[in-house]
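Below: run_28.cif (mmCIF, N, CA, C and O atoms and all ligand atoms)
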```
data_run
#
loop_
_atom_site.label_atom_id
_atom_site.label_comp_id
_atom_site.auth_asym_id
_atom_site.auth_seq_id
_atom_site.Cartn_x
_atom_site.Cartn_y
_atom_site.Cartn_z
N MET A 1 -10.48 -38.67 -15.12
CA MET A 1 -9.36 -38.65 -16.07
C MET A 1 -9.06 -37.21 -16.43
O MET A 1 -9.94 -36.43 -16.73
N THR A 2 -7.80 -36.88 -16.40
CA THR A 2 -7.40 -35.52 -16.79
C THR A 2 -7.05 -35.51 -18.27
O THR A 2 -6.98 -36.54 -18.91
N ASP A 3 -6.81 -34.34 -18.79
CA ASP A 3 -6.39 -34.21 -20.18
C ASP A 3 -4.87 -34.19 -20.28
O ASP A 3 -4.34 -33.75 -21.28
N GLY A 4 -4.19 -34.66 -19.28
CA GLY A 4 -2.75 -34.80 -19.35
C GLY A 4 -1.96 -33.60 -18.87
O GLY A 4 -0.74 -33.58 -19.01
N HIS A 5 -2.64 -32.61 -18.30
CA HIS A 5 -1.89 -31.43 -17.86
C HIS A 5 -1.39 -31.61 -16.43
O HIS A 5 -1.90 -32.44 -15.68
N LEU A 6 -0.36 -30.83 -16.12
CA LEU A 6 0.17 -30.76 -14.76
C LEU A 6 -0.45 -29.54 -14.10
O LEU A 6 -1.13 -28.76 -14.76
N ASP A 7 -0.18 -29.33 -12.82
CA ASP A 7 -0.59 -28.06 -12.23
C ASP A 7 0.58 -27.08 -12.26
O ASP A 7 1.68 -27.42 -12.66
N GLY A 8 0.29 -25.86 -11.88
CA GLY A 8 1.28 -24.79 -11.99
C GLY A 8 2.53 -25.01 -11.17
O GLY A 8 3.54 -24.34 -11.41
N ASN A 9 2.50 -25.94 -10.23
CA ASN A 9 3.71 -26.22 -9.45
C ASN A 9 4.83 -26.76 -10.34
O ASN A 9 5.99 -26.68 -9.97
N ALA A 10 4.48 -27.28 -11.52
CA ALA A 10 5.50 -27.77 -12.45
C ALA A 10 6.38 -26.64 -12.96
O ALA A 10 7.47 -26.88 -13.48
N LEU A 11 5.94 -25.40 -12.77
CA LEU A 11 6.72 -24.26 -13.23
C LEU A 11 7.76 -23.80 -12.22
O LEU A 11 8.60 -22.95 -12.54
N ALA A 12 7.72 -24.33 -11.01
CA ALA A 12 8.61 -23.84 -9.95
C ALA A 12 10.07 -23.93 -10.34
O ALA A 12 10.82 -22.96 -10.20
N GLY A 13 10.50 -25.08 -10.83
CA GLY A 13 11.91 -25.23 -11.19
C GLY A 13 12.32 -24.37 -12.37
O GLY A 13 13.26 -23.56 -12.26
N PRO A 14 11.60 -24.49 -13.51
CA PRO A 14 11.99 -23.68 -14.67
C PRO A 14 11.97 -22.18 -14.40
O PRO A 14 12.89 -21.47 -14.80
N LEU A 15 10.95 -21.70 -13.72
CA LEU A 15 10.86 -20.25 -13.52
C LEU A 15 11.81 -19.74 -12.44
O LEU A 15 12.05 -18.53 -12.35
N SER A 16 12.39 -20.65 -11.67
CA SER A 16 13.37 -20.19 -10.69
C SER A 16 14.63 -19.66 -11.37
O SER A 16 15.41 -18.96 -10.74
N THR A 17 14.80 -19.97 -12.66
CA THR A 17 15.93 -19.41 -13.39
C THR A 17 15.67 -17.98 -13.80
O THR A 17 16.59 -17.25 -14.15
N VAL A 18 14.40 -17.55 -13.77
CA VAL A 18 14.02 -16.19 -14.18
C VAL A 18 13.70 -15.33 -12.98
O VAL A 18 14.13 -14.18 -12.89
N PHE A 19 12.93 -15.87 -12.03
CA PHE A 19 12.51 -15.10 -10.86
C PHE A 19 13.24 -15.60 -9.63
O PHE A 19 13.41 -16.79 -9.45
N THR A 20 13.60 -14.68 -8.76
CA THR A 20 14.21 -15.10 -7.50
C THR A 20 13.13 -15.32 -6.43
O THR A 20 13.36 -16.03 -5.47
N ALA A 21 11.96 -14.71 -6.60
CA ALA A 21 10.86 -14.93 -5.67
C ALA A 21 10.16 -16.24 -6.01
O ALA A 21 10.28 -16.75 -7.12
N GLU A 22 9.41 -16.79 -5.05
CA GLU A 22 8.64 -18.02 -5.27
C GLU A 22 7.47 -17.70 -6.20
O GLU A 22 6.51 -17.04 -5.81
N VAL A 23 7.57 -18.16 -7.43
CA VAL A 23 6.60 -17.72 -8.43
C VAL A 23 5.30 -18.50 -8.40
O VAL A 23 4.26 -18.00 -8.82
N THR A 24 5.30 -19.72 -7.87
CA THR A 24 4.05 -20.50 -7.90
C THR A 24 3.01 -19.92 -6.94
O THR A 24 1.82 -20.15 -7.12
N THR A 25 3.44 -19.16 -5.94
CA THR A 25 2.48 -18.52 -5.04
C THR A 25 2.11 -17.12 -5.52
O THR A 25 1.24 -16.48 -4.93
N ALA A 26 2.78 -16.65 -6.57
CA ALA A 26 2.45 -15.34 -7.13
C ALA A 26 1.03 -15.38 -7.68
O ALA A 26 0.57 -16.39 -8.20
N VAL A 27 0.34 -14.25 -7.57
CA VAL A 27 -1.04 -14.16 -8.04
C VAL A 27 -1.04 -13.55 -9.43
O VAL A 27 -0.62 -12.42 -9.63
N ALA A 28 -1.52 -14.34 -10.39
CA ALA A 28 -1.57 -13.90 -11.78
C ALA A 28 -3.00 -13.53 -12.14
O ALA A 28 -3.94 -14.25 -11.81
N ALA A 29 -3.14 -12.41 -12.83
CA ALA A 29 -4.45 -12.00 -13.35
C ALA A 29 -4.45 -12.29 -14.85
O ALA A 29 -3.59 -11.83 -15.59
N CYS A 30 -5.42 -13.07 -15.28
CA CYS A 30 -5.53 -13.45 -16.69
C CYS A 30 -5.90 -12.24 -17.54
O CYS A 30 -6.84 -11.50 -17.20
N ALA A 31 -5.17 -12.05 -18.62
CA ALA A 31 -5.47 -10.93 -19.52
C ALA A 31 -6.74 -11.20 -20.32
O ALA A 31 -7.32 -10.27 -20.87
N GLY A 32 -7.19 -12.44 -20.36
CA GLY A 32 -8.38 -12.78 -21.14
C GLY A 32 -9.67 -12.59 -20.36
O GLY A 32 -10.57 -11.87 -20.79
N CYS A 33 -9.78 -13.21 -19.18
CA CYS A 33 -11.04 -13.18 -18.43
C CYS A 33 -10.95 -12.39 -17.14
O CYS A 33 -11.96 -12.18 -16.48
N GLY A 34 -9.73 -11.99 -16.75
CA GLY A 34 -9.58 -11.21 -15.53
C GLY A 34 -9.50 -12.03 -14.27
O GLY A 34 -9.30 -11.48 -13.18
N ARG A 35 -9.62 -13.35 -14.38
CA ARG A 35 -9.54 -14.20 -13.19
C ARG A 35 -8.17 -14.05 -12.55
O ARG A 35 -7.15 -14.06 -13.23
N SER A 36 -8.15 -13.93 -11.23
CA SER A 36 -6.90 -13.87 -10.50
C SER A 36 -6.76 -15.10 -9.63
O SER A 36 -7.75 -15.55 -9.03
N GLY A 37 -5.56 -15.63 -9.56
CA GLY A 37 -5.31 -16.78 -8.71
C GLY A 37 -3.84 -17.11 -8.71
O GLY A 37 -3.07 -16.59 -9.53
N PRO A 38 -3.44 -17.97 -7.80
CA PRO A 38 -2.03 -18.35 -7.74
C PRO A 38 -1.61 -19.06 -9.02
O PRO A 38 -2.39 -19.83 -9.60
N LEU A 39 -0.39 -18.79 -9.44
CA LEU A 39 0.10 -19.43 -10.66
C LEU A 39 0.09 -20.95 -10.53
O LEU A 39 -0.03 -21.67 -11.52
N ALA A 40 0.20 -21.44 -9.30
CA ALA A 40 0.16 -22.89 -9.06
C ALA A 40 -1.17 -23.50 -9.51
O ALA A 40 -1.24 -24.70 -9.75
N ALA A 41 -2.22 -22.70 -9.64
CA ALA A 41 -3.53 -23.22 -10.05
C ALA A 41 -3.66 -23.31 -11.57
O ALA A 41 -4.65 -23.84 -12.08
N ALA A 42 -2.67 -22.81 -12.30
CA ALA A 42 -2.73 -22.87 -13.77
C ALA A 42 -2.63 -24.31 -14.24
O ALA A 42 -2.11 -25.18 -13.54
N ARG A 43 -3.14 -24.57 -15.43
CA ARG A 43 -2.99 -25.89 -16.05
C ARG A 43 -1.77 -25.82 -16.95
O ARG A 43 -1.70 -24.99 -17.84
N VAL A 44 -0.82 -26.72 -16.73
CA VAL A 44 0.47 -26.65 -17.40
C VAL A 44 0.65 -27.85 -18.32
O VAL A 44 0.38 -28.98 -17.93
N TYR A 45 1.09 -27.58 -19.54
CA TYR A 45 1.29 -28.60 -20.56
C TYR A 45 2.71 -28.51 -21.10
O TYR A 45 3.32 -27.45 -21.07
N GLY A 46 3.19 -29.62 -21.66
CA GLY A 46 4.35 -29.55 -22.51
C GLY A 46 5.66 -30.03 -22.01
O GLY A 46 6.60 -30.11 -22.78
N ALA A 47 5.82 -30.35 -20.72
CA ALA A 47 7.11 -30.80 -20.24
C ALA A 47 7.54 -32.04 -21.03
O ALA A 47 6.69 -32.84 -21.41
N PRO A 48 8.79 -32.24 -21.31
CA PRO A 48 9.95 -31.51 -20.82
C PRO A 48 10.53 -30.48 -21.81
O PRO A 48 11.49 -29.82 -21.48
N MET A 49 9.97 -30.32 -22.98
CA MET A 49 10.60 -29.42 -23.95
C MET A 49 10.31 -27.95 -23.67
O MET A 49 10.96 -27.08 -24.23
N GLY A 50 9.36 -27.71 -22.85
CA GLY A 50 8.98 -26.36 -22.50
C GLY A 50 7.65 -26.43 -21.78
O GLY A 50 7.16 -27.53 -21.50
N TYR A 51 7.09 -25.29 -21.46
CA TYR A 51 5.85 -25.28 -20.71
C TYR A 51 4.90 -24.25 -21.31
O TYR A 51 5.33 -23.18 -21.73
N VAL A 52 3.62 -24.60 -21.31
CA VAL A 52 2.56 -23.66 -21.62
C VAL A 52 1.60 -23.72 -20.44
O VAL A 52 1.10 -24.80 -20.11
N ALA A 53 1.36 -22.59 -19.79
CA ALA A 53 0.42 -22.53 -18.68
C ALA A 53 -0.85 -21.85 -19.15
O ALA A 53 -0.79 -20.78 -19.76
N ARG A 54 -1.99 -22.50 -18.90
CA ARG A 54 -3.28 -21.98 -19.33
C ARG A 54 -4.15 -21.61 -18.13
O ARG A 54 -4.08 -22.25 -17.09
N CYS A 55 -4.96 -20.60 -18.33
CA CYS A 55 -5.90 -20.13 -17.31
C CYS A 55 -6.93 -21.22 -17.02
O CYS A 55 -7.54 -21.76 -17.95
N PRO A 56 -7.15 -21.56 -15.73
CA PRO A 56 -8.18 -22.55 -15.41
C PRO A 56 -9.59 -22.00 -15.60
O PRO A 56 -10.55 -22.77 -15.61
N GLY A 57 -9.72 -20.69 -15.79
CA GLY A 57 -11.04 -20.10 -15.98
C GLY A 57 -11.48 -20.07 -17.44
O GLY A 57 -12.61 -20.44 -17.76
N CYS A 58 -10.59 -19.64 -18.34
CA CYS A 58 -11.00 -19.45 -19.74
C CYS A 58 -10.10 -20.19 -20.73
O CYS A 58 -10.33 -20.11 -21.93
N ASP A 59 -9.07 -20.85 -20.26
CA ASP A 59 -8.17 -21.65 -21.08
C ASP A 59 -7.20 -20.82 -21.93
O ASP A 59 -6.46 -21.36 -22.73
N GLN A 60 -7.19 -19.52 -21.76
CA GLN A 60 -6.21 -18.70 -22.49
C GLN A 60 -4.80 -19.04 -22.03
O GLN A 60 -4.57 -19.37 -20.87
N VAL A 61 -3.84 -18.94 -22.94
CA VAL A 61 -2.44 -19.14 -22.57
C VAL A 61 -2.00 -17.98 -21.68
O VAL A 61 -2.10 -16.82 -22.07
N LEU A 62 -1.54 -18.31 -20.48
CA LEU A 62 -1.02 -17.31 -19.56
C LEU A 62 0.45 -17.04 -19.84
O LEU A 62 0.89 -15.90 -19.89
N LEU A 63 1.21 -18.11 -19.98
CA LEU A 63 2.63 -17.95 -20.26
C LEU A 63 3.17 -19.14 -21.01
O LEU A 63 2.61 -20.24 -20.97
N ARG A 64 4.26 -18.87 -21.71
CA ARG A 64 5.02 -19.92 -22.40
C ARG A 64 6.46 -19.80 -21.93
O ARG A 64 6.99 -18.69 -21.80
N TYR A 65 7.08 -20.94 -21.71
CA TYR A 65 8.46 -20.98 -21.26
C TYR A 65 9.18 -22.00 -22.11
O TYR A 65 8.71 -23.12 -22.28
N ALA A 66 10.31 -21.61 -22.68
CA ALA A 66 11.07 -22.54 -23.51
C ALA A 66 12.56 -22.34 -23.27
O ALA A 66 13.04 -21.21 -23.14
N GLU A 67 13.26 -23.45 -23.20
CA GLU A 67 14.71 -23.42 -23.09
C GLU A 67 15.30 -23.93 -24.39
O GLU A 67 14.84 -24.92 -24.95
N ALA A 68 16.31 -23.23 -24.87
CA ALA A 68 17.01 -23.62 -26.09
C ALA A 68 18.49 -23.32 -25.87
O ALA A 68 18.85 -22.59 -24.95
N PRO A 69 19.34 -23.88 -26.70
CA PRO A 69 20.77 -23.61 -26.53
C PRO A 69 21.10 -22.11 -26.55
O PRO A 69 22.03 -21.67 -25.87
N ALA A 70 20.33 -21.33 -27.29
CA ALA A 70 20.61 -19.90 -27.37
C ALA A 70 20.10 -19.11 -26.16
O ALA A 70 20.47 -17.95 -25.98
N GLY A 71 19.24 -19.73 -25.33
CA GLY A 71 18.74 -19.02 -24.15
C GLY A 71 17.34 -19.43 -23.78
O GLY A 71 16.73 -20.30 -24.41
N THR A 72 16.83 -18.81 -22.75
CA THR A 72 15.50 -19.09 -22.23
C THR A 72 14.53 -18.01 -22.68
O THR A 72 14.85 -16.83 -22.60
N THR A 73 13.35 -18.43 -23.14
CA THR A 73 12.32 -17.49 -23.57
C THR A 73 11.13 -17.61 -22.66
O THR A 73 10.64 -18.71 -22.42
N LEU A 74 10.66 -16.48 -22.15
CA LEU A 74 9.47 -16.43 -21.31
C LEU A 74 8.52 -15.43 -21.92
O LEU A 74 8.82 -14.25 -22.01
N ASP A 75 7.36 -15.92 -22.37
CA ASP A 75 6.31 -15.09 -22.96
C ASP A 75 5.16 -15.03 -21.96
O ASP A 75 4.54 -16.05 -21.68
N MET A 76 4.92 -13.86 -21.39
CA MET A 76 3.89 -13.72 -20.35
C MET A 76 2.76 -12.82 -20.81
O MET A 76 2.07 -12.23 -19.99
N ARG A 77 2.53 -12.74 -22.10
CA ARG A 77 1.52 -11.78 -22.58
C ARG A 77 0.10 -12.12 -22.15
O ARG A 77 -0.77 -11.26 -22.20
N GLY A 78 -0.15 -13.34 -21.70
CA GLY A 78 -1.49 -13.70 -21.25
C GLY A 78 -1.77 -13.32 -19.80
O GLY A 78 -2.86 -13.54 -19.30
N ILE A 79 -0.76 -12.78 -19.13
CA ILE A 79 -0.93 -12.37 -17.74
C ILE A 79 -0.99 -10.84 -17.71
O ILE A 79 -0.03 -10.18 -18.10
N ALA A 80 -2.11 -10.31 -17.24
CA ALA A 80 -2.26 -8.86 -17.15
C ALA A 80 -1.35 -8.31 -16.06
O ALA A 80 -0.66 -7.31 -16.26
N THR A 81 -1.38 -8.95 -14.89
CA THR A 81 -0.50 -8.56 -13.79
C THR A 81 -0.04 -9.82 -13.07
O THR A 81 -0.75 -10.83 -13.04
N LEU A 82 1.14 -9.74 -12.48
CA LEU A 82 1.68 -10.83 -11.67
C LEU A 82 2.14 -10.21 -10.36
O LEU A 82 3.03 -9.36 -10.34
N ARG A 83 1.46 -10.59 -9.27
CA ARG A 83 1.80 -10.04 -7.96
C ARG A 83 2.62 -11.06 -7.19
O ARG A 83 2.15 -12.16 -6.87
N LEU A 84 3.87 -10.71 -6.94
CA LEU A 84 4.77 -11.58 -6.18
C LEU A 84 4.57 -11.27 -4.71
O LEU A 84 4.72 -10.12 -4.28
N THR A 85 4.21 -12.28 -3.95
CA THR A 85 3.94 -12.08 -2.53
C THR A 85 5.24 -12.09 -1.75
O THR A 85 6.23 -12.68 -2.18
N THR A 86 5.22 -11.44 -0.61
CA THR A 86 6.40 -11.41 0.24
C THR A 86 6.11 -12.22 1.50
O THR A 86 4.98 -12.28 1.96
N ALA A 87 7.16 -12.85 1.99
CA ALA A 87 7.01 -13.64 3.21
C ALA A 87 6.87 -12.71 4.40
O ALA A 87 7.46 -11.63 4.43
N ASP A 88 6.05 -13.12 5.37
CA ASP A 88 5.88 -12.32 6.59
C ASP A 88 6.90 -12.70 7.63
O ASP A 88 7.37 -13.77 7.72
ZN ZN B 101 -8.73 -16.49 -18.07
#
```
Represent the structure contained in this file as structure tokens.
Amino acid sequence: MTDGHLDGNALAGPLSTVFTAEVTTAVAACAGCGRSGPLAAARVYGAPMGYVARCPGCDQVLLRYAEAPAGTTLDMRGIATLRLTTAD
């Protein structure tokens, strides 16, 4: 039984409005524990009103994404670095 979270692939659609690169394959380094891994491996909560992605290593919030009539907010303070990979 899971705790009701999705995986990071749930962020593909929402984040496509912010990034033009494929973000779920991007490698995020957690600002809390330093763990690096594809954003698709994050634990994602909160759909459909917004998303909170948590580190699978230490549970720190990696990013928050929210849509509102006034605009889209993306808080990525839990990610130390985000490496967008390029296709070969
Ligand atoms: Zn972490």
task: Please write out the residues within 6 Å of ligand ZN 101 (chain B) as a VMD selection string, counting all atoms listed in the file.
output: chain A and resid 30 to 35 55 to 60
message: Based on the backbone DSSP call, show me all residues of chain A assigned alpha helix (DSSP H), as a PyMOL selection string.
response: chain A and resi 12-15
message: Just the number, please: distance in Å from atom N of Ala29 (chain A) to atom O of Arg83 (chain A), one decimal.
response: 8.0 Å
Can you sort out the box for region 23-42 of chain A, edges along x, y and z, all listed atoms in, 5 Å on every side, with centre and edge lengths in Å to one decimal, as lines of an AutoDock Vina configuration file?
```
center_x = -2.2
center_y = -17.7
center_z = -13.0
size_x = 29.5
size_y = 24.9
size_z = 26.2
```
Test item: residues at most 4.5 Å from Pro38 (chain A), only N, CA, C and O atoms, excluding those fewer than 5 positions along its chain, as a PDB file with N, CA, C and O atoms, keeping the file's coordinate frame:
```
ATOM      1  N   THR A  24       5.300 -19.720  -7.870  1.00  0.00           N
ATOM      2  CA  THR A  24       4.050 -20.500  -7.900  1.00  0.00           C
ATOM      3  C   THR A  24       3.010 -19.920  -6.940  1.00  0.00           C
ATOM      4  O   THR A  24       1.820 -20.150  -7.120  1.00  0.00           O
ATOM      5  N   ALA A  26       2.780 -16.650  -6.570  1.00  0.00           N
ATOM      6  CA  ALA A  26       2.450 -15.340  -7.130  1.00  0.00           C
ATOM      7  C   ALA A  26       1.030 -15.380  -7.680  1.00  0.00           C
ATOM      8  O   ALA A  26       0.570 -16.390  -8.200  1.00  0.00           O
ATOM      9  N   VAL A  27       0.340 -14.250  -7.570  1.00  0.00           N
ATOM     10  CA  VAL A  27      -1.040 -14.160  -8.040  1.00  0.00           C
ATOM     11  C   VAL A  27      -1.040 -13.550  -9.430  1.00  0.00           C
ATOM     12  O   VAL A  27      -0.620 -12.420  -9.630  1.00  0.00           O
TER      13      VAL A  27
END
```
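Near region 44-52 of chain A, within 4.5 Å and counting all atoms listed in the file, sit His5, Leu6, Leu63, Arg64, Tyr65, Ala66 and Glu67 of chain A; same-chain residues fewer than 6 positions away were not included.
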message: Which residues are close to Ala28 (chain A), i.e. within 12 Å by only C-alpha atoms, leaving aside same-chain residues fewer than 5 positions away? Reply as a count of residues only.
response: 28
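Interatomic distance, CA of Glu22 (chain A) to atom C of Ala68 (chain A): 23.4 Å.
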field: Pairwise distance for CA of Pro69 (chain A) and CA of Leu15 (chain A), rounded to one decimal in Å
entry: 16.7 Å
Using DSSP on the backbone coordinates, identify the residues of chain A assigned to strand (DSSP E or B); present them as an mmCIF file with N, CA, C and O atoms, keeping the file's coordinate frame.
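As a result, part_9.cif now contains:
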```cif
data_model
loop_
_atom_site.group_PDB
_atom_site.id
_atom_site.type_symbol
_atom_site.label_atom_id
_atom_site.label_comp_id
_atom_site.auth_asym_id
_atom_site.auth_seq_id
_atom_site.Cartn_x
_atom_site.Cartn_y
_atom_site.Cartn_z
ATOM 1 N N LEU A 6 -0.360 -30.830 -16.120
ATOM 2 C CA LEU A 6 0.170 -30.760 -14.760
ATOM 3 C C LEU A 6 -0.450 -29.540 -14.100
ATOM 4 O O LEU A 6 -1.130 -28.760 -14.760
ATOM 5 N N ASP A 7 -0.180 -29.330 -12.820
ATOM 6 C CA ASP A 7 -0.590 -28.060 -12.230
ATOM 7 C C ASP A 7 0.580 -27.080 -12.260
ATOM 8 O O ASP A 7 1.680 -27.420 -12.660
ATOM 9 N N VAL A 27 0.340 -14.250 -7.570
ATOM 10 C CA VAL A 27 -1.040 -14.160 -8.040
ATOM 11 C C VAL A 27 -1.040 -13.550 -9.430
ATOM 12 O O VAL A 27 -0.620 -12.420 -9.630
ATOM 13 N N ALA A 28 -1.520 -14.340 -10.390
ATOM 14 C CA ALA A 28 -1.570 -13.900 -11.780
ATOM 15 C C ALA A 28 -3.000 -13.530 -12.140
ATOM 16 O O ALA A 28 -3.940 -14.250 -11.810
ATOM 17 N N ALA A 29 -3.140 -12.410 -12.830
ATOM 18 C CA ALA A 29 -4.450 -12.000 -13.350
ATOM 19 C C ALA A 29 -4.450 -12.290 -14.850
ATOM 20 O O ALA A 29 -3.590 -11.830 -15.590
ATOM 21 N N CYS A 30 -5.420 -13.070 -15.280
ATOM 22 C CA CYS A 30 -5.530 -13.450 -16.690
ATOM 23 C C CYS A 30 -5.900 -12.240 -17.540
ATOM 24 O O CYS A 30 -6.840 -11.500 -17.200
ATOM 25 N N SER A 36 -8.150 -13.930 -11.230
ATOM 26 C CA SER A 36 -6.900 -13.870 -10.500
ATOM 27 C C SER A 36 -6.760 -15.100 -9.630
ATOM 28 O O SER A 36 -7.750 -15.550 -9.030
ATOM 29 N N GLY A 37 -5.560 -15.630 -9.560
ATOM 30 C CA GLY A 37 -5.310 -16.780 -8.710
ATOM 31 C C GLY A 37 -3.840 -17.110 -8.710
ATOM 32 O O GLY A 37 -3.070 -16.590 -9.530
ATOM 33 N N PRO A 38 -3.440 -17.970 -7.800
ATOM 34 C CA PRO A 38 -2.030 -18.350 -7.740
ATOM 35 C C PRO A 38 -1.610 -19.060 -9.020
ATOM 36 O O PRO A 38 -2.390 -19.830 -9.600
ATOM 37 N N ARG A 43 -3.140 -24.570 -15.430
ATOM 38 C CA ARG A 43 -2.990 -25.890 -16.050
ATOM 39 C C ARG A 43 -1.770 -25.820 -16.950
ATOM 40 O O ARG A 43 -1.700 -24.990 -17.840
ATOM 41 N N VAL A 44 -0.820 -26.720 -16.730
ATOM 42 C CA VAL A 44 0.470 -26.650 -17.400
ATOM 43 C C VAL A 44 0.650 -27.850 -18.320
ATOM 44 O O VAL A 44 0.380 -28.980 -17.930
ATOM 45 N N TYR A 45 1.090 -27.580 -19.540
ATOM 46 C CA TYR A 45 1.290 -28.600 -20.560
ATOM 47 C C TYR A 45 2.710 -28.510 -21.100
ATOM 48 O O TYR A 45 3.320 -27.450 -21.070
ATOM 49 N N GLY A 50 9.360 -27.710 -22.850
ATOM 50 C CA GLY A 50 8.980 -26.360 -22.500
ATOM 51 C C GLY A 50 7.650 -26.430 -21.780
ATOM 52 O O GLY A 50 7.160 -27.530 -21.500
ATOM 53 N N TYR A 51 7.090 -25.290 -21.460
ATOM 54 C CA TYR A 51 5.850 -25.280 -20.710
ATOM 55 C C TYR A 51 4.900 -24.250 -21.310
ATOM 56 O O TYR A 51 5.330 -23.180 -21.730
ATOM 57 N N VAL A 52 3.620 -24.600 -21.310
ATOM 58 C CA VAL A 52 2.560 -23.660 -21.620
ATOM 59 C C VAL A 52 1.600 -23.720 -20.440
ATOM 60 O O VAL A 52 1.100 -24.800 -20.110
ATOM 61 N N ALA A 53 1.360 -22.590 -19.790
ATOM 62 C CA ALA A 53 0.420 -22.530 -18.680
ATOM 63 C C ALA A 53 -0.850 -21.850 -19.150
ATOM 64 O O ALA A 53 -0.790 -20.780 -19.760
ATOM 65 N N ARG A 54 -1.990 -22.500 -18.900
ATOM 66 C CA ARG A 54 -3.280 -21.980 -19.330
ATOM 67 C C ARG A 54 -4.150 -21.610 -18.130
ATOM 68 O O ARG A 54 -4.080 -22.250 -17.090
ATOM 69 N N VAL A 61 -3.840 -18.940 -22.940
ATOM 70 C CA VAL A 61 -2.440 -19.140 -22.570
ATOM 71 C C VAL A 61 -2.000 -17.980 -21.680
ATOM 72 O O VAL A 61 -2.100 -16.820 -22.070
ATOM 73 N N LEU A 62 -1.540 -18.310 -20.480
ATOM 74 C CA LEU A 62 -1.020 -17.310 -19.560
ATOM 75 C C LEU A 62 0.450 -17.040 -19.840
ATOM 76 O O LEU A 62 0.890 -15.900 -19.890
ATOM 77 N N LEU A 63 1.210 -18.110 -19.980
ATOM 78 C CA LEU A 63 2.630 -17.950 -20.260
ATOM 79 C C LEU A 63 3.170 -19.140 -21.010
ATOM 80 O O LEU A 63 2.610 -20.240 -20.970
ATOM 81 N N ARG A 64 4.260 -18.870 -21.710
ATOM 82 C CA ARG A 64 5.020 -19.920 -22.400
ATOM 83 C C ARG A 64 6.460 -19.800 -21.930
ATOM 84 O O ARG A 64 6.990 -18.690 -21.800
ATOM 85 N N TYR A 65 7.080 -20.940 -21.710
ATOM 86 C CA TYR A 65 8.460 -20.980 -21.260
ATOM 87 C C TYR A 65 9.180 -22.000 -22.110
ATOM 88 O O TYR A 65 8.710 -23.120 -22.280
ATOM 89 N N ALA A 66 10.310 -21.610 -22.680
ATOM 90 C CA ALA A 66 11.070 -22.540 -23.510
ATOM 91 C C ALA A 66 12.560 -22.340 -23.270
ATOM 92 O O ALA A 66 13.040 -21.210 -23.140
ATOM 93 N N GLU A 67 13.260 -23.450 -23.200
ATOM 94 C CA GLU A 67 14.710 -23.420 -23.090
ATOM 95 C C GLU A 67 15.300 -23.930 -24.390
ATOM 96 O O GLU A 67 14.840 -24.920 -24.950
ATOM 97 N N ALA A 68 16.310 -23.230 -24.870
ATOM 98 C CA ALA A 68 17.010 -23.620 -26.090
ATOM 99 C C ALA A 68 18.490 -23.320 -25.870
ATOM 100 O O ALA A 68 18.850 -22.590 -24.950
ATOM 101 N N GLY A 71 19.240 -19.730 -25.330
ATOM 102 C CA GLY A 71 18.740 -19.020 -24.150
ATOM 103 C C GLY A 71 17.340 -19.430 -23.780
ATOM 104 O O GLY A 71 16.730 -20.300 -24.410
ATOM 105 N N THR A 72 16.830 -18.810 -22.750
ATOM 106 C CA THR A 72 15.500 -19.090 -22.230
ATOM 107 C C THR A 72 14.530 -18.010 -22.680
ATOM 108 O O THR A 72 14.850 -16.830 -22.600
ATOM 109 N N THR A 73 13.350 -18.430 -23.140
ATOM 110 C CA THR A 73 12.320 -17.490 -23.570
ATOM 111 C C THR A 73 11.130 -17.610 -22.660
ATOM 112 O O THR A 73 10.640 -18.710 -22.420
ATOM 113 N N LEU A 74 10.660 -16.480 -22.150
ATOM 114 C CA LEU A 74 9.470 -16.430 -21.310
ATOM 115 C C LEU A 74 8.520 -15.430 -21.920
ATOM 116 O O LEU A 74 8.820 -14.250 -22.010
ATOM 117 N N ASP A 75 7.360 -15.920 -22.370
ATOM 118 C CA ASP A 75 6.310 -15.090 -22.960
ATOM 119 C C ASP A 75 5.160 -15.030 -21.960
ATOM 120 O O ASP A 75 4.540 -16.050 -21.680
ATOM 121 N N ILE A 79 -0.760 -12.780 -19.130
ATOM 122 C CA ILE A 79 -0.930 -12.370 -17.740
ATOM 123 C C ILE A 79 -0.990 -10.840 -17.710
ATOM 124 O O ILE A 79 -0.030 -10.180 -18.100
ATOM 125 N N ALA A 80 -2.110 -10.310 -17.240
ATOM 126 C CA ALA A 80 -2.260 -8.860 -17.150
ATOM 127 C C ALA A 80 -1.350 -8.310 -16.060
ATOM 128 O O ALA A 80 -0.660 -7.310 -16.260
ATOM 129 N N THR A 81 -1.380 -8.950 -14.890
ATOM 130 C CA THR A 81 -0.500 -8.560 -13.790
ATOM 131 C C THR A 81 -0.040 -9.820 -13.070
ATOM 132 O O THR A 81 -0.750 -10.830 -13.040
ATOM 133 N N LEU A 82 1.140 -9.740 -12.480
ATOM 134 C CA LEU A 82 1.680 -10.830 -11.670
ATOM 135 C C LEU A 82 2.140 -10.210 -10.360
ATOM 136 O O LEU A 82 3.030 -9.360 -10.340
ATOM 137 N N ARG A 83 1.460 -10.590 -9.270
ATOM 138 C CA ARG A 83 1.800 -10.040 -7.960
ATOM 139 C C ARG A 83 2.620 -11.060 -7.190
ATOM 140 O O ARG A 83 2.150 -12.160 -6.870
#
```
